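Student: Let me begin by handing over the structure; questions about it come next.
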Number of protein chains: 2
Amino acid sequence: MSESTPEPDTKTRLIAAMQHALRTTGYHGTGVTEILEQAGAPKGVLYHHFPQGKAALAAAAISHTAARMNKEMLLIFQSAAPLRGLEALLQHSIQSLINSDFKAGCPLASATLDATTEPVLQLAVKQGFESWQITIADGLTAMGLTSARASLLASLLLATYEGALLLARAHQEPELIEHTASALLDFIRAELPAQAR
Amino acid sequence: MSESTPEPDTKTRLIAAMQHALRTTGYHGTGVTEILEQAGAPKGVLYHHFPQGKAALAAAAISHTAARMNKEMLLIFQSAAPLRGLEALLQHSIQSLINSDFKAGCPLASATLDATTEPVLQLAVKQGFESWQITIADGLTAMGLTSARASLLASLLLATYEGALLLARAHQEPELIEHTASALLDFIRAELPAQAR
DNA sequence: TGCCAGTTAGACCGACCAGTCTGTATAATC
DNA sequence: GATTATACAGACTGGTCGGTCTAACTGGCA
């Protein structure tokens with residue numbers, strides 16, 4: 001039979017398994033053996049594709065996640081109602097948190113706090129957050145805010161997003177968090193020129 | 001001679017060492033041996049004071065931190081200008097982050113993402129965050145907001161605080177974050193009755 | 001002085017960690 | 001068919017992990 005969903009290659013499966021690990025049990029909380037089991041790969045494969053080992057795989061996983069998220073946001077800001085798009089994106093993140101039984105959050109946040117001794121990882125996280133911040137700031141600028149104000153509100157949005165996901169995870173109770181983020185978007189909406197809201 | 005700063009007892013030193021570990025390298029990122037070295041205690045002591053081991057010590061460390069922070073906030077809301085007090089508290093947190101060379105963040109946030117497999121710890125974190133949220137919400141209510149709105153803004157403040165600390169750590173650059181949190185406080189200030197601002 | 005609970009002390013243990021090593025299968029090039 | 005580069009495979013290693021165990025020390029009390 002023809003494969004409807006072709007099996008992703010080993011490297012991709014490794015990255016996916018590491019993404020899942022970072023989102024759930026964290027960098028130090030997950031052993032490479034566990035990741036290899038989930039990817040269905042033996043040990044040698046990891047060090048073939050990532051000679052620098054666990055840290056390099058984790059950095060790749062983070063860069064992938066960051067890039068995917070960034071692409072989604074770029075699309076959102078090209079749409080007619082970007083703020084609604086952002087709200088939907090947040091809802092989506094929270095929904096995936098709920099679906100995972102409050103186990104899977106943001107891999108960048110996790111790596112920030114968990115893999116502090118791995119410079120390669122910290123760099124990947126930093127670049128990821130920066131790309132998000134720039135995308136949001138550019139988007140808000142295009143909607144009519146000054147670039148300084150847009151940059152500030154982009155950081156505020158990002159901080160609230162990450163903090164809200166973190167609190168939702170700790171509380172295992174998403175509703176308050178959804179309202180929280182919406183409240184922030186309301187604040188921002190009030191600053192926009194009427195036609196951009 | 002009389003001791004000007006009496007040496008804290010072993011249990012206290014253990015808790016302090018674990019607090020530091022959680023703030024810097026995280027739960028799984030720090031071995032018990034390392035913590036014991038920092039506390040200047042041999043291994044048996046840990047399992048004497050905390051028969052449940054590492055997780056129980058971490059839970060105690062989190063509860064201590066949460067209680068101390070909560071007490072500070074209660075004082076702030078008894079003062080004349082609570083919002084300024086909160087701003088100062090945030091500045092203080094960021095300053096301690098800077099002083100630690102961006103290595104020491106919030107132990108509750110760290111434990112939320114890092115120690116997901118330890119129910120005792122997750123409970124301690126949840127209770128800590130809840131106590132903070134209630135303290136802030138009660139404070140804002142006393143300043144003239146409806147309790148529903150106060151509760152929402154308290155969650156928003158908390159989320160932004162945690163997210164801002166996280167981003168500051170990732171970026172290793174605090175200024176934008178300080179402005180960020182101030183911007184949120186401005187939003188909240190605008191909702192308060194004039195005499196409470 | 002003898003006793004005893006509370007505490008300190010660190011040698012020790014099996015499990016697991018990330019990473020290395022040697023070897024095999026596959027696929028492209030000549 | 002021979003050669004070579006790429007990818008897969010897993011046994012193995014030294015070190016570290018959290019935790020256990022037994023022994024020694026300490027101060028209060030009789």
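Ordered as shown in the structure tokens, chains take letters A, B, and onward, while each chain numbers its residues from 1 and ligands are numbered from 1 in the order shown.
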Excluding stretch 25-41 of chain B and residues on its chain fewer than 3 positions from it, collect all residues at most 7 Å away from it, counting only C-alpha atoms (C1' of nucleotides), and give them as a list in words.

Tutor: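 Close residues of stretch 25-41 of chain B: His28, Gly29, Leu113, Asp114 and Thr116 of chain A; Arg13, Leu14, Ala17, Met18, Ala21, Leu22, Val45, Lys54, Ser110, Ala111, Asp114 and Ala115 of chain B.
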
Student: Generate the output file for the selected residues, C-alpha atoms, as a PDB file, in the first residue's frame.

Tutor:
```
ATOM      1  CA  HIS A  28      17.498  17.115  33.032  1.00  0.00           C
ATOM      2  CA  GLY A  29      14.318  15.278  33.881  1.00  0.00           C
ATOM      3  CA  LEU A 113      14.988  27.266  33.762  1.00  0.00           C
ATOM      4  CA  ASP A 114      16.117  23.690  33.483  1.00  0.00           C
ATOM      5  CA  THR A 116      20.991  26.640  32.636  1.00  0.00           C
TER       6      THR A 116
ATOM      7  CA  ARG B  13      21.016  25.457  56.078  1.00  0.00           C
ATOM      8  CA  LEU B  14      19.676  22.526  54.083  1.00  0.00           C
ATOM      9  CA  ALA B  17      20.919  25.407  50.003  1.00  0.00           C
ATOM     10  CA  MET B  18      17.945  23.792  48.271  1.00  0.00           C
ATOM     11  CA  ALA B  21      19.682  25.147  43.924  1.00  0.00           C
ATOM     12  CA  LEU B  22      16.097  25.519  42.721  1.00  0.00           C
ATOM     13  CA  VAL B  45      21.519  14.558  58.018  1.00  0.00           C
ATOM     14  CA  LYS B  54      15.183  15.284  48.112  1.00  0.00           C
ATOM     15  CA  SER B 110      11.631  26.446  38.223  1.00  0.00           C
ATOM     16  CA  ALA B 111       9.979  23.661  40.180  1.00  0.00           C
ATOM     17  CA  ASP B 114      11.438  20.945  36.257  1.00  0.00           C
ATOM     18  CA  ALA B 115       9.982  18.690  38.927  1.00  0.00           C
TER      19      ALA B 115
END
```

Student: List as a list of chain:residue names the protein and nucleic acid residues near D:DT3, meaning an atom at most 12 Å away when only C-alpha atoms (C1' of nucleotides) are counted, but skip any in the same chain fewer than 5 places from it.

Tutor: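 What passes the distance filter is C:DA28, C:DT29, C:DC30.
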
Student: Hey, what's within 12 Å of D:DA23 if we count only C-alpha atoms (C1' of nucleotides) and toss same-chain stuff fewer than 2 positions away? As a PyMOL selection string, please?

Tutor: (chain B and resi 44) or (chain C and resi 8-11) or (chain D and resi 21+25)

Student: Per residue of chain A within 9 Å of chain B, what are the shortest atom pair and its distance in Å to one decimal, counting only C-alpha atoms, with rows by chain and residue number, as a Markdown table?

Tutor:
```
| residue | atom | partner | partner_atom | distance |
| --- | --- | --- | --- | --- |
| A:Arg23 | CA | B:Leu113 | CA | 8.4 |
| A:Thr24 | CA | B:Thr116 | CA | 7.4 |
| A:Thr25 | CA | B:Thr116 | CA | 6.0 |
| A:Gly26 | CA | B:Asp114 | CA | 5.6 |
| A:Tyr27 | CA | B:Asp114 | CA | 8.1 |
| A:His28 | CA | B:His28 | CA | 5.5 |
| A:Gly29 | CA | B:His28 | CA | 5.8 |
| A:Lys103 | CA | B:Thr116 | CA | 7.6 |
| A:Gly105 | CA | B:Leu113 | CA | 8.1 |
| A:Ala109 | CA | B:Leu166 | CA | 7.1 |
| A:Ser110 | CA | B:Leu113 | CA | 5.6 |
| A:Ala111 | CA | B:Leu113 | CA | 8.9 |
| A:Thr112 | CA | B:Ala170 | CA | 5.9 |
| A:Leu113 | CA | B:Ser110 | CA | 5.6 |
| A:Asp114 | CA | B:Gly26 | CA | 5.6 |
| A:Ala115 | CA | B:Thr25 | CA | 7.4 |
| A:Thr116 | CA | B:Thr25 | CA | 6.0 |
| A:Thr117 | CA | B:Thr25 | CA | 7.3 |
| A:Gln122 | CA | B:Ala170 | CA | 6.9 |
| A:Leu123 | CA | B:Ala170 | CA | 8.4 |
| A:Val125 | CA | B:Ala170 | CA | 6.8 |
| A:Lys126 | CA | B:Ala170 | CA | 5.4 |
| A:Gln127 | CA | B:His171 | CA | 8.6 |
| A:Phe129 | CA | B:Leu167 | CA | 7.8 |
| A:Glu130 | CA | B:His171 | CA | 8.0 |
| A:Ser151 | CA | B:Leu176 | CA | 8.9 |
| A:Leu152 | CA | B:Thr180 | CA | 6.0 |
| A:Leu153 | CA | B:Thr180 | CA | 7.2 |
| A:Ala154 | CA | B:Thr180 | CA | 9.0 |
| A:Ser155 | CA | B:Thr180 | CA | 6.5 |
| A:Leu156 | CA | B:Thr180 | CA | 5.3 |
| A:Leu157 | CA | B:Thr160 | CA | 8.4 |
| A:Leu158 | CA | B:Gly163 | CA | 7.5 |
| A:Ala159 | CA | B:Gly163 | CA | 4.1 |
| A:Thr160 | CA | B:Thr160 | CA | 4.4 |
| A:Tyr161 | CA | B:Gly163 | CA | 7.2 |
| A:Glu162 | CA | B:Gly163 | CA | 5.1 |
| A:Gly163 | CA | B:Gly163 | CA | 3.9 |
| A:Ala164 | CA | B:Ala159 | CA | 4.9 |
| A:Leu165 | CA | B:Ala159 | CA | 8.2 |
| A:Leu166 | CA | B:Ala109 | CA | 7.1 |
| A:Leu167 | CA | B:Ala159 | CA | 6.6 |
| A:Arg169 | CA | B:Thr112 | CA | 7.3 |
| A:Ala170 | CA | B:Lys126 | CA | 5.4 |
| A:His171 | CA | B:Lys126 | CA | 5.6 |
| A:Gln172 | CA | B:Lys126 | CA | 8.7 |
| A:Leu176 | CA | B:Leu152 | CA | 7.1 |
| A:Ile177 | CA | B:Ser155 | CA | 7.3 |
| A:His179 | CA | B:Leu152 | CA | 7.2 |
| A:Thr180 | CA | B:Leu156 | CA | 5.2 |
| A:Ala181 | CA | B:Leu156 | CA | 7.2 |
| A:Ala183 | CA | B:Leu156 | CA | 8.0 |
| A:Leu184 | CA | B:Leu156 | CA | 7.6 |
| A:Phe187 | CA | B:Phe187 | CA | 7.1 |
```

Student: Pull C-alpha atoms from the residues just selected and write them as a PDB file, in the first residue's frame.

Tutor:
```
ATOM      1  CA  ARG A  23       7.635  20.177  27.114  1.00  0.00           C
ATOM      2  CA  THR A  24       6.835  17.554  29.737  1.00  0.00           C
ATOM      3  CA  THR A  25       9.638  16.360  31.993  1.00  0.00           C
ATOM      4  CA  GLY A  26      12.336  18.884  31.099  1.00  0.00           C
ATOM      5  CA  TYR A  27      15.925  18.652  29.952  1.00  0.00           C
ATOM      6  CA  HIS A  28      17.498  17.115  33.032  1.00  0.00           C
ATOM      7  CA  GLY A  29      14.318  15.278  33.881  1.00  0.00           C
ATOM      8  CA  LYS A 103       1.952  18.083  31.395  1.00  0.00           C
ATOM      9  CA  GLY A 105       4.034  23.464  28.285  1.00  0.00           C
ATOM     10  CA  ALA A 109      10.412  28.202  29.015  1.00  0.00           C
ATOM     11  CA  SER A 110      11.339  24.795  30.305  1.00  0.00           C
ATOM     12  CA  ALA A 111      14.827  24.940  28.836  1.00  0.00           C
ATOM     13  CA  THR A 112      15.361  28.450  30.193  1.00  0.00           C
ATOM     14  CA  LEU A 113      14.988  27.266  33.762  1.00  0.00           C
ATOM     15  CA  ASP A 114      16.117  23.690  33.483  1.00  0.00           C
ATOM     16  CA  ALA A 115      19.172  23.654  31.221  1.00  0.00           C
ATOM     17  CA  THR A 116      20.991  26.640  32.636  1.00  0.00           C
ATOM     18  CA  THR A 117      24.358  24.911  32.405  1.00  0.00           C
ATOM     19  CA  GLN A 122      20.503  28.914  26.300  1.00  0.00           C
ATOM     20  CA  LEU A 123      21.551  30.493  23.021  1.00  0.00           C
ATOM     21  CA  VAL A 125      16.251  29.751  23.635  1.00  0.00           C
ATOM     22  CA  LYS A 126      17.410  33.352  23.525  1.00  0.00           C
ATOM     23  CA  GLN A 127      17.277  33.472  19.747  1.00  0.00           C
ATOM     24  CA  PHE A 129      12.383  34.380  22.215  1.00  0.00           C
ATOM     25  CA  GLU A 130      13.990  37.247  20.331  1.00  0.00           C
ATOM     26  CA  SER A 151       8.313  46.698  21.252  1.00  0.00           C
ATOM     27  CA  LEU A 152       7.255  47.229  24.859  1.00  0.00           C
ATOM     28  CA  LEU A 153       3.838  45.682  24.387  1.00  0.00           C
ATOM     29  CA  ALA A 154       5.354  42.757  22.478  1.00  0.00           C
ATOM     30  CA  SER A 155       7.564  41.978  25.458  1.00  0.00           C
ATOM     31  CA  LEU A 156       4.590  42.364  27.755  1.00  0.00           C
ATOM     32  CA  LEU A 157       2.548  39.977  25.638  1.00  0.00           C
ATOM     33  CA  LEU A 158       5.322  37.436  25.539  1.00  0.00           C
ATOM     34  CA  ALA A 159       5.954  37.624  29.270  1.00  0.00           C
ATOM     35  CA  THR A 160       2.275  37.232  30.037  1.00  0.00           C
ATOM     36  CA  TYR A 161       1.953  34.345  27.599  1.00  0.00           C
ATOM     37  CA  GLU A 162       4.823  32.432  29.163  1.00  0.00           C
ATOM     38  CA  GLY A 163       3.786  33.282  32.695  1.00  0.00           C
ATOM     39  CA  ALA A 164       0.184  32.323  32.028  1.00  0.00           C
ATOM     40  CA  LEU A 165       1.195  28.941  30.632  1.00  0.00           C
ATOM     41  CA  LEU A 166       3.390  28.388  33.659  1.00  0.00           C
ATOM     42  CA  LEU A 167       0.651  29.300  36.131  1.00  0.00           C
ATOM     43  CA  ARG A 169       0.407  24.287  34.595  1.00  0.00           C
ATOM     44  CA  ALA A 170       0.951  24.851  38.292  1.00  0.00           C
ATOM     45  CA  HIS A 171      -2.742  25.372  39.011  1.00  0.00           C
ATOM     46  CA  GLN A 172      -3.974  22.691  36.627  1.00  0.00           C
ATOM     47  CA  LEU A 176      -8.516  31.985  34.945  1.00  0.00           C
ATOM     48  CA  ILE A 177      -5.491  32.051  32.687  1.00  0.00           C
ATOM     49  CA  HIS A 179      -9.349  35.340  30.943  1.00  0.00           C
ATOM     50  CA  THR A 180      -6.056  36.758  32.112  1.00  0.00           C
ATOM     51  CA  ALA A 181      -4.478  36.815  28.685  1.00  0.00           C
ATOM     52  CA  ALA A 183      -7.614  40.992  29.615  1.00  0.00           C
ATOM     53  CA  LEU A 184      -4.143  41.941  28.477  1.00  0.00           C
ATOM     54  CA  PHE A 187      -5.545  46.662  27.201  1.00  0.00           C
TER      55      PHE A 187
END
```

Student: Please identify every residue of chain D that has at least one atom no farther than 10 Å from an atom of chain A, counting only C-alpha atoms (C1' of nucleotides), and for each give the shortest atom pair and the distance in Å to one decimal, arranged by chain then increasing number, as a tab-separated table.

Tutor:
```
residue	atom	partner	partner_atom	distance
D:DT6	C1'	A:His48	CA	9.7
D:DA7	C1'	A:Val45	CA	7.7
D:DC8	C1'	A:Val45	CA	6.5
D:DA9	C1'	A:Pro42	CA	6.1
D:DG10	C1'	A:Pro42	CA	6.7
```

Student: For a quick test of understanding: name the residues of chain C lying within 8 Å of chain A when counting only C-alpha atoms (C1' of nucleotides), and present them as a list in words.

Tutor: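 The complete set of qualifying residues is DC17, DA18 and DG19 of chain C.
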